[in-house]
file my_file_38.txt (compact mmCIF, C-alpha atoms)
# COMPACT_ATOMS: atom_id res chain seq x y z
CA MET B 1 67.67 -35.72 31.99
CA VAL B 2 70.78 -36.98 30.17
CA SER B 3 73.83 -34.89 31.05
CA ARG B 4 76.54 -34.05 28.56
CA ASN B 5 79.13 -35.70 30.77
CA GLU B 6 77.19 -38.95 30.98
CA PHE B 7 76.60 -38.89 27.21
CA VAL B 8 80.29 -38.34 26.38
CA ASN B 9 81.52 -41.00 28.81
CA THR B 10 78.98 -43.53 27.57
CA LEU B 11 80.05 -42.90 23.98
CA VAL B 12 83.75 -43.33 24.76
CA ASP B 13 82.93 -46.73 26.30
CA LEU B 14 80.75 -47.56 23.31
CA ILE B 15 83.52 -46.76 20.83
CA MET B 16 85.89 -48.90 22.91
CA LYS B 17 83.43 -51.80 22.79
CA ALA B 18 82.86 -51.50 19.04
CA GLU B 19 86.60 -51.45 18.31
CA THR B 20 87.63 -54.31 20.58
CA GLU B 21 84.85 -56.89 20.42
CA LEU B 22 82.58 -58.39 17.80
CA SER B 23 78.87 -58.83 18.47
CA LYS B 24 77.52 -62.34 19.05
CA ASP B 25 75.78 -62.61 15.68
CA VAL B 26 78.87 -61.61 13.69
CA LEU B 27 81.18 -63.98 15.58
CA GLU B 28 78.66 -66.79 15.25
CA VAL B 29 78.53 -66.64 11.43
CA ILE B 30 82.34 -66.45 11.20
CA LYS B 31 82.70 -69.54 13.41
CA LYS B 32 80.07 -71.39 11.39
CA ALA B 33 81.94 -70.56 8.17
CA GLU B 34 85.19 -71.88 9.64
CA LYS B 35 83.53 -75.20 10.45
CA GLU B 36 82.02 -75.50 6.99
CA GLU B 37 85.03 -74.37 4.95
CA GLU B 38 86.88 -77.27 3.31
CA TYR B 39 89.83 -75.54 1.64
CA GLU B 40 92.83 -75.64 3.95
CA ILE B 41 94.17 -72.10 3.34
CA ALA B 42 90.68 -70.66 3.81
CA LYS B 43 90.38 -72.55 7.07
CA VAL B 44 93.74 -71.20 8.32
CA VAL B 45 92.64 -67.64 7.50
CA LEU B 46 89.31 -68.04 9.30
CA GLN B 47 91.02 -69.60 12.31
CA THR B 48 93.44 -66.67 12.41
CA ILE B 49 90.52 -64.25 12.31
CA ILE B 50 88.82 -66.02 15.23
CA LYS B 51 92.06 -66.07 17.24
CA ASN B 52 92.57 -62.38 16.51
CA VAL B 53 89.11 -61.56 17.86
CA GLU B 54 89.93 -63.48 21.04
CA VAL B 55 93.24 -61.64 21.50
CA ALA B 56 91.59 -58.25 20.96
CA LEU B 57 88.85 -58.99 23.48
CA GLU B 58 91.23 -60.35 26.09
CA ARG B 59 93.68 -57.48 25.81
CA ARG B 60 91.06 -54.79 25.09
CA ILE B 61 92.86 -53.65 21.94
CA PRO B 62 91.36 -52.78 18.55
CA ILE B 63 90.59 -55.84 16.43
CA CYS B 64 92.04 -54.08 13.39
CA GLN B 65 94.56 -51.23 13.13
CA ASP B 66 92.16 -49.54 10.74
CA THR B 67 89.89 -48.24 13.46
CA GLY B 68 87.91 -46.59 10.69
CA ILE B 69 85.96 -43.43 10.29
CA LEU B 70 83.34 -43.43 13.02
CA VAL B 71 79.76 -43.51 11.75
CA PHE B 72 77.07 -42.81 14.33
CA PHE B 73 73.38 -43.58 14.09
CA LEU B 74 71.27 -41.57 16.51
CA ASP B 75 67.65 -42.39 17.31
CA VAL B 76 66.46 -39.48 19.36
CA GLY B 77 63.16 -39.97 21.20
CA ILE B 78 60.73 -37.14 20.67
CA ASP B 79 60.35 -36.79 24.47
CA ALA B 80 64.06 -37.30 25.30
CA LYS B 81 65.38 -34.74 27.78
CA TYR B 82 68.84 -33.29 27.29
CA ASN B 83 70.26 -29.80 27.21
CA PHE B 84 73.48 -29.95 25.23
CA ASP B 85 74.69 -30.03 21.63
CA ILE B 86 74.66 -33.75 20.78
CA TYR B 87 76.88 -33.34 17.72
CA ASP B 88 79.51 -31.46 19.70
CA ALA B 89 79.40 -34.14 22.40
CA ILE B 90 79.93 -36.87 19.77
CA ARG B 91 82.99 -35.03 18.50
CA GLU B 92 84.37 -34.74 22.00
CA ALA B 93 83.80 -38.47 22.65
CA THR B 94 85.63 -39.22 19.39
CA ARG B 95 88.61 -37.09 20.43
CA ILE B 96 88.81 -38.74 23.84
CA ALA B 97 88.43 -42.23 22.36
CA THR B 98 91.21 -41.49 19.86
CA LYS B 99 93.59 -41.03 22.78
CA GLU B 100 92.19 -43.61 25.16
CA VAL B 101 91.15 -46.66 23.13
CA PRO B 102 93.37 -45.70 21.16
CA LEU B 103 92.15 -45.08 17.60
CA ARG B 104 94.45 -44.50 14.65
CA PRO B 105 94.01 -40.93 13.41
CA ASN B 106 92.41 -41.58 10.03
CA ALA B 107 90.55 -38.39 9.14
CA VAL B 108 92.28 -36.21 6.54
CA HIS B 109 91.16 -33.22 4.49
CA PRO B 110 90.02 -34.70 1.14
CA ILE B 111 92.17 -32.41 -1.01
CA THR B 112 95.20 -31.41 1.07
CA ARG B 113 95.30 -34.86 2.76
CA VAL B 114 96.34 -33.17 6.01
CA ASN B 115 95.42 -35.36 8.98
CA SER B 116 93.39 -33.71 11.73
CA GLY B 117 95.04 -36.00 14.26
CA ASP B 118 91.91 -36.75 16.29
CA ASN B 119 89.46 -38.44 13.89
CA THR B 120 87.29 -35.34 13.64
CA GLY B 121 86.96 -32.92 10.74
CA ILE B 122 84.47 -31.56 8.26
CA TYR B 123 81.33 -33.74 8.72
CA VAL B 124 83.46 -36.30 10.56
CA PRO B 125 82.54 -38.30 12.57
CA VAL B 126 79.53 -39.03 10.38
CA VAL B 127 76.19 -38.80 12.18
CA HIS B 128 72.83 -40.02 10.86
CA THR B 129 69.95 -38.83 13.00
CA SER B 130 66.37 -40.07 13.20
CA VAL B 131 63.62 -38.75 15.42
CA VAL B 132 61.64 -41.62 16.95
CA GLU B 133 58.86 -42.28 19.48
CA GLY B 134 59.76 -42.36 23.17
CA ASP B 135 61.99 -40.55 25.64
CA GLU B 136 65.31 -42.32 25.08
CA ILE B 137 68.36 -41.66 22.94
CA LYS B 138 69.73 -44.71 21.17
CA VAL B 139 73.28 -44.41 19.89
CA THR B 140 74.95 -46.89 17.56
CA VAL B 141 78.54 -46.54 16.42
CA MET B 142 80.03 -48.30 13.41
CA PRO B 143 83.77 -47.87 12.83
CA LYS B 144 84.09 -48.22 9.06
CA GLY B 145 87.44 -49.20 7.57
CA ALA B 146 88.62 -48.04 4.16
CA GLY B 147 89.50 -51.41 2.62
CA SER B 148 85.87 -52.38 2.34
CA GLU B 149 84.48 -48.86 1.92
CA ASN B 150 86.73 -48.30 -1.10
CA VAL B 151 85.12 -51.11 -3.09
CA SER B 152 81.55 -50.08 -2.26
CA LYS B 153 79.42 -48.73 -5.08
CA LEU B 154 76.33 -46.68 -5.84
CA MET B 155 74.59 -47.12 -9.17
CA MET B 156 71.57 -45.48 -10.76
CA LEU B 157 69.95 -48.37 -12.63
CA LEU B 158 67.13 -48.18 -15.12
CA PRO B 159 63.69 -49.04 -13.74
CA GLY B 160 63.61 -52.06 -16.06
CA GLU B 161 66.69 -53.60 -14.44
CA VAL B 162 65.08 -54.91 -11.23
CA GLU B 163 65.82 -58.51 -12.19
CA LYS B 164 69.48 -57.67 -12.69
CA ILE B 165 70.05 -56.44 -9.13
CA PRO B 166 71.61 -59.72 -7.88
CA GLU B 167 74.02 -59.73 -10.84
CA TYR B 168 75.11 -56.16 -10.11
CA VAL B 169 75.85 -57.11 -6.50
CA VAL B 170 77.86 -60.12 -7.69
CA GLU B 171 79.81 -57.90 -10.09
CA VAL B 172 80.84 -55.52 -7.29
CA ILE B 173 82.06 -58.39 -5.08
CA ARG B 174 83.82 -60.11 -7.99
CA ASN B 175 85.70 -56.93 -8.85
CA ALA B 176 86.55 -56.33 -5.19
CA GLY B 177 88.31 -59.71 -4.97
CA GLY B 178 90.53 -59.91 -1.92
CA LYS B 179 90.67 -56.15 -1.33
CA PRO B 180 87.83 -55.67 1.21
CA CYS B 181 89.07 -58.41 3.60
CA PRO B 182 86.59 -61.13 2.72
CA PRO B 183 84.56 -62.92 3.95
CA VAL B 184 82.45 -59.78 3.72
CA PHE B 185 79.06 -58.61 4.82
CA VAL B 186 77.15 -56.92 2.02
CA GLY B 187 74.74 -54.10 2.82
CA VAL B 188 72.42 -53.38 -0.10
CA GLY B 189 70.18 -50.36 -0.49
CA ILE B 190 67.51 -50.53 -3.16
CA GLY B 191 65.46 -47.46 -4.01
CA GLY B 192 65.22 -44.09 -2.32
CA THR B 193 67.16 -41.19 -3.78
CA PHE B 194 70.88 -41.08 -4.61
CA ASP B 195 71.73 -40.12 -1.01
CA GLU B 196 69.11 -42.16 0.83
CA CYS B 197 70.06 -45.32 -1.02
CA ALA B 198 73.65 -45.13 0.24
CA VAL B 199 72.50 -44.59 3.82
CA LEU B 200 70.16 -47.60 3.53
CA SER B 201 73.01 -49.83 2.40
CA LYS B 202 75.01 -48.83 5.46
CA LYS B 203 72.07 -49.17 7.86
CA ALA B 204 71.47 -52.68 6.51
CA LEU B 205 74.82 -53.70 8.05
CA LEU B 206 73.43 -52.95 11.52
CA ARG B 207 70.91 -55.78 11.28
CA ASP B 208 71.37 -59.17 12.97
CA VAL B 209 73.51 -60.88 10.35
CA ARG B 210 72.14 -64.34 11.17
CA TYR B 211 68.78 -63.71 9.58
CA MET B 212 68.19 -63.32 5.87
CA ASN B 213 65.16 -63.60 3.61
CA ASP B 214 65.06 -65.74 0.45
CA PHE B 215 66.18 -62.88 -1.82
CA GLU B 216 69.19 -62.13 0.39
CA ARG B 217 70.06 -65.83 0.68
CA LYS B 218 69.90 -66.23 -3.09
CA ILE B 219 72.44 -63.41 -3.58
CA LEU B 220 74.63 -64.87 -0.81
CA ASP B 221 74.73 -68.24 -2.58
CA MET B 222 75.74 -66.53 -5.82
CA LEU B 223 78.56 -64.71 -4.03
CA ASN B 224 79.83 -67.85 -2.37
CA SER B 225 80.14 -69.64 -5.68
CA LEU B 226 82.69 -67.04 -6.88
CA ASN B 227 85.56 -68.89 -5.11
CA ILE B 228 87.08 -65.60 -3.92
CA GLY B 229 87.27 -66.99 -0.39
CA PRO B 230 88.79 -65.55 2.79
CA MET B 231 91.29 -62.80 1.85
CA GLY B 232 90.79 -63.61 -1.83
CA LEU B 233 92.91 -66.76 -1.61
CA GLY B 234 90.08 -69.08 -2.66
CA GLY B 235 87.38 -71.03 -0.85
CA LYS B 236 83.63 -71.05 -0.55
CA THR B 237 83.38 -68.35 2.12
CA THR B 238 83.34 -65.07 0.17
CA ALA B 239 80.42 -63.43 1.96
CA LEU B 240 78.81 -64.13 5.33
CA SER B 241 75.52 -62.27 4.92
CA VAL B 242 73.67 -60.14 2.42
CA LEU B 243 71.40 -57.57 4.03
CA VAL B 244 68.96 -55.59 1.91
CA GLU B 245 66.97 -52.48 2.83
CA THR B 246 64.49 -50.83 0.50
CA ALA B 247 62.81 -47.45 0.09
CA HIS B 248 60.28 -46.13 -2.38
CA CYS B 249 61.88 -44.29 -5.26
CA HIS B 250 60.96 -42.13 -8.25
CA THR B 251 59.13 -44.04 -10.98
CA ALA B 252 61.92 -43.12 -13.38
CA SER B 253 64.81 -44.37 -11.23
CA LEU B 254 66.21 -47.42 -9.50
CA PRO B 255 69.10 -46.53 -7.21
CA LEU B 256 71.24 -49.46 -6.01
CA ALA B 257 73.89 -49.05 -3.31
CA ILE B 258 76.26 -51.80 -2.28
CA ASN B 259 78.12 -51.10 0.94
CA VAL B 260 80.78 -53.73 1.44
CA GLN B 261 81.86 -54.47 5.00
CA CYS B 262 84.88 -56.54 6.02
CA TRP B 263 84.49 -59.63 8.23
CA ALA B 264 84.98 -57.29 11.19
CA ASN B 265 81.47 -55.86 11.04
CA ARG B 266 82.10 -53.72 14.10
CA ARG B 267 79.18 -51.93 15.68
CA ALA B 268 77.82 -51.34 19.16
CA SER B 269 74.67 -49.72 20.52
CA THR B 270 73.54 -48.19 23.78
CA ILE B 271 70.44 -46.47 25.11
CA LEU B 272 70.50 -43.36 27.29
CA GLY B 273 67.73 -41.74 29.30
CA MET J 1 101.60 -77.14 1.53
CA LYS J 2 104.44 -76.53 3.94
CA LYS J 3 104.22 -74.74 7.27
CA LEU J 4 107.56 -73.17 8.15
CA LYS J 5 109.10 -70.97 10.79
CA LEU J 6 111.64 -68.86 8.94
CA ASN J 7 114.37 -66.44 9.78
CA ILE J 8 113.97 -63.56 7.32
CA GLU J 9 117.70 -63.46 6.57
CA LYS J 10 117.56 -67.06 5.44
CA ILE J 11 114.29 -66.88 3.52
CA PHE J 12 115.89 -67.16 0.08
CA GLY J 13 117.50 -70.45 1.09
CA TYR J 14 114.10 -72.10 0.97
CA ASP J 15 112.09 -73.01 -2.06
CA LEU J 16 108.70 -71.59 -1.17
CA ASN J 17 105.66 -72.35 -3.26
CA ALA J 18 102.28 -70.69 -3.52
CA GLY J 19 100.11 -72.07 -0.74
CA ASP J 20 102.96 -72.53 1.74
CA ILE J 21 102.50 -70.85 5.11
CA VAL J 22 105.40 -69.14 6.85
CA TYR J 23 105.97 -67.53 10.24
CA LEU J 24 108.70 -64.93 9.95
CA SER J 25 111.29 -63.79 12.47
CA GLY J 26 113.65 -60.87 11.91
CA ASP J 27 113.22 -57.31 10.62
CA ILE J 28 110.54 -55.97 8.29
CA VAL J 29 109.78 -52.42 7.13
CA THR J 30 106.35 -50.83 6.69
CA ALA J 31 105.31 -48.61 3.80
CA ARG J 32 101.93 -47.64 2.44
CA ASP J 33 100.49 -44.98 0.13
CA LYS J 34 102.38 -41.82 1.07
CA ALA J 35 105.70 -43.57 1.73
CA HIS J 36 105.52 -45.27 -1.66
CA LEU J 37 104.72 -41.96 -3.35
CA ARG J 38 107.65 -40.25 -1.67
CA ALA J 39 110.11 -43.08 -2.31
CA VAL J 40 109.19 -43.25 -5.99
CA LYS J 41 109.48 -39.47 -6.34
CA LEU J 42 112.94 -39.48 -4.74
CA ILE J 43 114.15 -42.36 -6.92
CA LYS J 44 112.95 -40.54 -10.06
CA GLU J 45 114.75 -37.39 -8.93
CA ASN J 46 117.98 -39.37 -8.53
CA LYS J 47 117.89 -38.95 -4.77
CA ILE J 48 117.73 -42.63 -3.90
CA GLU J 49 120.10 -42.09 -0.97
CA GLU J 50 117.31 -40.15 0.75
CA VAL J 51 115.05 -43.22 0.72
CA PRO J 52 115.26 -45.32 3.91
CA THR J 53 117.69 -48.07 2.95
CA GLU J 54 115.53 -50.69 4.68
CA LEU J 55 112.98 -50.32 1.86
CA PHE J 56 115.56 -52.02 -0.36
CA HIS J 57 116.91 -54.54 2.14
CA LEU J 58 113.94 -55.84 4.12
CA PRO J 59 110.52 -57.28 3.29
CA ILE J 60 108.06 -54.42 2.81
CA TYR J 61 104.93 -54.73 4.91
CA HIS J 62 101.90 -52.80 3.62
CA CYS J 63 100.74 -51.58 7.00
CA GLY J 64 99.65 -48.42 8.76
CA PRO J 65 99.99 -49.39 12.41
CA LEU J 66 98.11 -48.11 15.41
CA ILE J 67 100.68 -47.01 17.98
CA LYS J 68 100.35 -45.69 21.51
CA ASN J 69 103.24 -44.57 23.72
CA SER J 70 105.77 -45.97 21.22
CA LYS J 71 104.16 -49.42 21.41
CA VAL J 72 102.40 -51.15 18.52
CA VAL J 73 98.79 -51.75 19.54
CA SER J 74 97.30 -53.15 16.32
CA ALA J 75 99.06 -53.62 13.01
CA GLY J 76 97.45 -55.80 10.35
CA PRO J 77 98.03 -55.34 6.62
CA THR J 78 96.42 -52.72 4.40
CA THR J 79 95.13 -53.30 0.84
CA SER J 80 98.19 -53.88 -1.35
CA ALA J 81 96.52 -53.04 -4.66
CA ARG J 82 96.77 -49.33 -3.87
CA MET J 83 100.55 -49.70 -4.17
CA ASN J 84 100.42 -51.40 -7.61
CA GLU J 85 101.69 -48.31 -9.43
CA TYR J 86 104.65 -47.65 -7.14
CA ALA J 87 105.89 -51.07 -6.03
CA PRO J 88 107.68 -52.10 -9.27
CA LEU J 89 110.20 -49.25 -9.16
CA ILE J 90 111.05 -49.94 -5.53
CA LEU J 91 111.33 -53.68 -6.20
CA GLU J 92 113.77 -52.94 -8.99
CA PHE J 93 116.30 -51.71 -6.44
CA SER J 94 115.42 -54.27 -3.77
CA LYS J 95 117.84 -56.89 -2.51
CA CYS J 96 114.95 -58.50 -0.66
CA PRO J 97 111.97 -58.49 -3.03
CA ILE J 98 109.31 -59.63 -0.61
CA ILE J 99 105.99 -57.90 -0.04
CA ILE J 100 103.66 -58.68 2.84
CA GLY J 101 100.12 -57.36 2.48
CA LYS J 102 96.58 -58.35 1.70
CA GLY J 103 94.41 -58.75 -1.36
CA GLY J 104 97.17 -59.34 -3.91
CA MET J 105 98.80 -57.12 -6.56
CA ASN J 106 98.65 -56.70 -10.32
CA GLU J 107 100.64 -58.20 -13.17
CA GLY J 108 103.26 -55.43 -13.11
CA VAL J 109 104.25 -56.39 -9.59
CA VAL J 110 104.04 -60.13 -10.23
CA LYS J 111 106.52 -59.72 -13.10
CA LYS J 112 109.00 -57.93 -10.84
CA LEU J 113 108.79 -60.80 -8.34
CA GLU J 114 109.28 -63.52 -10.95
CA GLY J 115 112.44 -65.50 -10.30
CA ARG J 116 113.26 -63.19 -7.40
CA GLY J 117 110.75 -62.96 -4.59
CA TYR J 118 107.37 -63.48 -3.01
CA TYR J 119 104.10 -61.81 -2.16
CA LEU J 120 102.89 -62.97 1.24
CA SER J 121 99.30 -62.56 2.41
CA PHE J 122 98.80 -61.84 6.10
CA PRO J 123 95.13 -62.22 7.10
CA GLY J 124 93.56 -58.77 6.84
CA GLY J 125 91.97 -57.35 9.95
CA ALA J 126 94.07 -59.52 12.23
CA GLY J 127 95.71 -56.41 13.66
CA ALA J 128 95.67 -57.47 17.30
CA LEU J 129 97.37 -60.76 16.49
CA ALA J 130 99.96 -59.08 14.25
CA ALA J 131 100.84 -56.66 17.03
CA GLU J 132 101.55 -59.61 19.33
CA CYS J 133 104.28 -60.71 16.92
CA ILE J 134 105.88 -57.25 16.68
CA LYS J 135 108.46 -57.17 19.44
CA GLU J 136 110.16 -53.83 18.82
CA ILE J 137 110.01 -50.65 16.77
CA LYS J 138 113.64 -50.38 15.73
CA LYS J 139 113.43 -47.22 13.63
CA ILE J 140 110.94 -44.65 12.41
CA TYR J 141 111.39 -42.70 9.16
CA TRP J 142 109.21 -40.00 7.65
CA SER J 143 107.15 -39.50 10.79
CA ASP J 144 105.91 -36.24 9.22
CA LEU J 145 103.59 -38.45 7.14
CA GLY J 146 101.60 -39.29 10.27
CA MET J 147 101.08 -42.41 12.36
CA ALA J 148 99.47 -44.51 9.63
CA GLU J 149 101.75 -43.43 6.78
CA ALA J 150 105.23 -43.27 8.36
CA VAL J 151 107.88 -45.92 7.70
CA TYR J 152 108.65 -48.24 10.62
CA VAL J 153 111.27 -50.93 10.99
CA PHE J 154 109.80 -53.69 13.13
CA ARG J 155 111.51 -56.65 14.73
CA VAL J 156 109.04 -59.51 14.51
CA GLU J 157 108.87 -63.01 15.94
CA ASN J 158 106.85 -65.81 14.34
CA PHE J 159 104.96 -63.20 12.36
CA GLY J 160 102.16 -65.06 10.63
CA PRO J 161 100.42 -66.91 9.22
CA CYS J 162 101.93 -65.38 6.07
CA ILE J 163 100.52 -67.31 3.13
CA VAL J 164 102.72 -67.44 0.03
CA ALA J 165 100.17 -66.07 -2.42
CA ILE J 166 102.53 -65.25 -5.31
CA ASP J 167 105.75 -67.23 -5.65
CA LYS J 168 109.01 -66.91 -7.63
CA LYS J 169 107.70 -69.14 -10.41
CA GLY J 170 104.85 -66.75 -11.03
CA ARG J 171 102.20 -68.94 -9.42
CA ASN J 172 99.49 -66.64 -8.15
CA LEU J 173 96.73 -67.90 -5.85
CA TYR J 174 94.52 -64.89 -6.65
CA VAL J 175 94.57 -65.78 -10.36
CA GLU J 176 94.31 -69.52 -9.80
CA ARG J 177 91.19 -69.26 -7.65
CA SER J 178 89.44 -67.01 -10.17
CA GLN J 179 89.97 -69.59 -12.91
CA LYS J 180 88.43 -72.43 -10.90
call {"tool": "encode", "arguments": {"input": "my_file_38.txt", "output": "structure tokens"}}
result
Amino acid sequence: MVSRNEFVNTLVDLIMKAETELSKDVLEVIKKAEKEEEYEIAKVVLQTIIKNVEVALERRIPICQDTGILVFFLDVGIDAKYNFDIYDAIREATRIATKEVPLRPNAVHPITRVNSGDNTGIYVPVVHTSVVEGDEIKVTVMPKGAGSENVSKLMMLLPGEVEKIPEYVVEVIRNAGGKPCPPVFVGVGIGGTFDECAVLSKKALLRDVRYMNDFERKILDMLNSLNIGPMGLGGKTTALSVLVETAHCHTASLPLAINVQCWANRRASTILG
Amino acid sequence: MKKLKLNIEKIFGYDLNAGDIVYLSGDIVTARDKAHLRAVKLIKENKIEEVPTELFHLPIYHCGPLIKNSKVVSAGPTTSARMNEYAPLILEFSKCPIIIGKGGMNEGVVKKLEGRGYYLSFPGGAGALAAECIKEIKKIYWSDLGMAEAVYVFRVENFGPCIVAIDKKGRNLYVERSQK
């Protein structure tokens, strides 16, 4: 039986981990890009990024001051045993983490712009729940910053536009320029409904960024020929990975979601129970 | 490309070009969305004396820091383009037309910097490293705007790398790279 206390404490540690260290796969592709980059300014930017990650890890401080809106992905085993309100426990962990990590209070009311002060609010933190086989609860947290989220896009394409999908992705990254803190990771959702497509594009960013299929690699090559480069100052490293997830959709529609993620693709997972 | 350690007070004594990299020491002032909105509103209402004077005398850093117990924990730049609409009016009154941010700014801002100042790009996301260079919070204005949106005067040491992305001559790395 997972206790509420254990759940909350584990989540506070998980948020701390996500904010202060990058996963092995993410760091590996950034380091590879630094080695391969030839343009001097781009190299300096990538070296600064790597140094920053080292400082954050060593001092246990957030990699970026934009500690994001926290997005949680919950995989709840059908036989998992717990006797508390998981959503309430996630909110409590968020409040505690805001003080302890610390996190910058980012959550505001969308109209009044009044800050809640503790990173919670209406539907915040965001929680996506799936019911899965087994008796465990898997929790993943992704702190999502606004610089990259602001240039993300959802489009309802025509069914005949399948071939144009790579071009649409390129267009979004071209227009984003230096704004989302490139080199970026690009989560792409294809299909589903309007809502599901957006969730897919975000879930794609949870994958191991070192592995891509031919379609994803083709889009990545197109992006890296844009010469946007690290921080938009030029260079061949505009994107580090393109990660595509698909879902069946209505025969009359073709939803396409592009969730842009900064180089700091922060996420951490844990399993309880 | 030059790499220079510069005292902010003496920055205009150097001829900086796009692509140069500087490490700044001295005072800088932060301002982002809400501070820009308020400053512009006050200027338009002829209440310029109510605007923190540092916004006209120090480099403006587009930053919403993370602070705990009066200490800067993480403080990288925020996306400058959101300030495109408001920056020109503030720059008009500035004795130190220097902006530090990320991602670049539009033509309206570039024009205001021409012959006068610089746009410096600090690597976005490098908040932990930036905080290491911030030695003191000297002043806080408009704290009612909240932690991320208030105006802070920071004393910094070797703050960088700040890449000269837009220079006095109008050279703009963001435009140059898109034409390659």
call {"tool": "closest_residue", "arguments": {"input": "my_file_38.txt", "among": "J:Asn158, J:Ser178, J:Thr30, J:Asn172", "to": "J:Phe56", "atoms": "all atoms listed in the file"}}
result
J:Thr30
call {"tool": "residues_around", "arguments": {"input": "my_file_38.txt", "residues": "stretch 113-124 of chain B", "least_positions_apart": "5", "cutoff": "12 Å", "atoms": "only C-alpha atoms", "output": "short mmCIF file (atom, residue, chain, number, x, y, z; two decimals) with C-alpha atoms, keeping the file's coordinate frame"}}
result
data_model
loop_
_atom_site.label_atom_id
_atom_site.label_comp_id
_atom_site.auth_asym_id
_atom_site.auth_seq_id
_atom_site.Cartn_x
_atom_site.Cartn_y
_atom_site.Cartn_z
CA ASP B 66 92.16 -49.54 10.74
CA THR B 67 89.89 -48.24 13.46
CA GLY B 68 87.91 -46.59 10.69
CA ILE B 69 85.96 -43.43 10.29
CA LEU B 70 83.34 -43.43 13.02
CA VAL B 71 79.76 -43.51 11.75
CA PHE B 72 77.07 -42.81 14.33
CA TYR B 87 76.88 -33.34 17.72
CA ASP B 88 79.51 -31.46 19.70
CA ALA B 89 79.40 -34.14 22.40
CA ILE B 90 79.93 -36.87 19.77
CA ARG B 91 82.99 -35.03 18.50
CA GLU B 92 84.37 -34.74 22.00
CA ALA B 93 83.80 -38.47 22.65
CA THR B 94 85.63 -39.22 19.39
CA ARG B 95 88.61 -37.09 20.43
CA ILE B 96 88.81 -38.74 23.84
CA ALA B 97 88.43 -42.23 22.36
CA THR B 98 91.21 -41.49 19.86
CA LYS B 99 93.59 -41.03 22.78
CA GLU B 100 92.19 -43.61 25.16
CA PRO B 102 93.37 -45.70 21.16
CA LEU B 103 92.15 -45.08 17.60
CA ARG B 104 94.45 -44.50 14.65
CA PRO B 105 94.01 -40.93 13.41
CA ASN B 106 92.41 -41.58 10.03
CA ALA B 107 90.55 -38.39 9.14
CA VAL B 108 92.28 -36.21 6.54
CA PRO B 143 83.77 -47.87 12.83
CA ASP J 33 100.49 -44.98 0.13
CA LYS J 34 102.38 -41.82 1.07
CA ASP J 144 105.91 -36.24 9.22
CA LEU J 145 103.59 -38.45 7.14
CA GLY J 146 101.60 -39.29 10.27
CA MET J 147 101.08 -42.41 12.36
CA ALA J 148 99.47 -44.51 9.63
CA GLU J 149 101.75 -43.43 6.78
#
call {"tool": "interface_residues", "arguments": {"input": "my_file_38.txt", "of": "chain B", "to": "chain J", "cutoff": "6 Å", "atoms": "all atoms listed in the file", "output": "PyMOL selection string"}}
result
chain B and resi 45+49+52+56+63-65+104+178-179+181+233-234
call {"tool": "residues_around", "arguments": {"input": "my_file_38.txt", "residues": "B:Gly134", "least_positions_apart": "5", "cutoff": "7 Å", "atoms": "only C-alpha atoms", "output": "number ranges by chain"}}
result
B: 77-80
call {"tool": "write_last_selection", "arguments": {"input": "my_file_38.txt", "atoms": "C-alpha atoms", "output": "PDB file, in the frame of the given file"}}
result
ATOM      1  CA  GLY B  77      63.160 -39.970  21.200  1.00  0.00           C
ATOM      2  CA  ILE B  78      60.730 -37.140  20.670  1.00  0.00           C
ATOM      3  CA  ASP B  79      60.350 -36.790  24.470  1.00  0.00           C
ATOM      4  CA  ALA B  80      64.060 -37.300  25.300  1.00  0.00           C
TER       5      ALA B  80
END
call {"tool": "atom_distance", "arguments": {"input": "my_file_38.txt", "atom1": "atom CA of B:Arg217", "atom2": "atom CA of B:Glu196"}}
result
23.7 Å
call {"tool": "residues_around", "arguments": {"input": "my_file_38.txt", "residues": "stretch 161-163 of chain B", "least_positions_apart": "4", "cutoff": "12 Å", "atoms": "all atoms listed in the file", "output": "ChimeraX atom specification"}}
result
/B:155-157,167-169,190-191,215,219,252-256
call {"tool": "write_last_selection", "arguments": {"input": "my_file_38.txt", "atoms": "C-alpha atoms", "output": "mmCIF file, keeping the file's coordinate frame"}}
result
data_model
loop_
_atom_site.group_PDB
_atom_site.id
_atom_site.type_symbol
_atom_site.label_atom_id
_atom_site.label_comp_id
_atom_site.auth_asym_id
_atom_site.auth_seq_id
_atom_site.Cartn_x
_atom_site.Cartn_y
_atom_site.Cartn_z
ATOM 1 C CA MET B 155 74.590 -47.120 -9.170
ATOM 2 C CA MET B 156 71.570 -45.480 -10.760
ATOM 3 C CA LEU B 157 69.950 -48.370 -12.630
ATOM 4 C CA GLU B 167 74.020 -59.730 -10.840
ATOM 5 C CA TYR B 168 75.110 -56.160 -10.110
ATOM 6 C CA VAL B 169 75.850 -57.110 -6.500
ATOM 7 C CA ILE B 190 67.510 -50.530 -3.160
ATOM 8 C CA GLY B 191 65.460 -47.460 -4.010
ATOM 9 C CA PHE B 215 66.180 -62.880 -1.820
ATOM 10 C CA ILE B 219 72.440 -63.410 -3.580
ATOM 11 C CA ALA B 252 61.920 -43.120 -13.380
ATOM 12 C CA SER B 253 64.810 -44.370 -11.230
ATOM 13 C CA LEU B 254 66.210 -47.420 -9.500
ATOM 14 C CA PRO B 255 69.100 -46.530 -7.210
ATOM 15 C CA LEU B 256 71.240 -49.460 -6.010
#
call {"tool": "residues_around", "arguments": {"input": "my_file_38.txt", "residues": "J:Lys95", "least_positions_apart": "6", "cutoff": "10 Å", "atoms": "only C-alpha atoms", "output": "list in words"}}
result
Glu54, Leu55, Phe56, His57, Leu58, Pro59, Arg116 and Gly117 of chain J
call {"tool": "atom_distance", "arguments": {"input": "my_file_38.txt", "atom1": "atom CA of B:Cys197", "atom2": "atom CA of B:Glu21"}}
result
28.5 Å
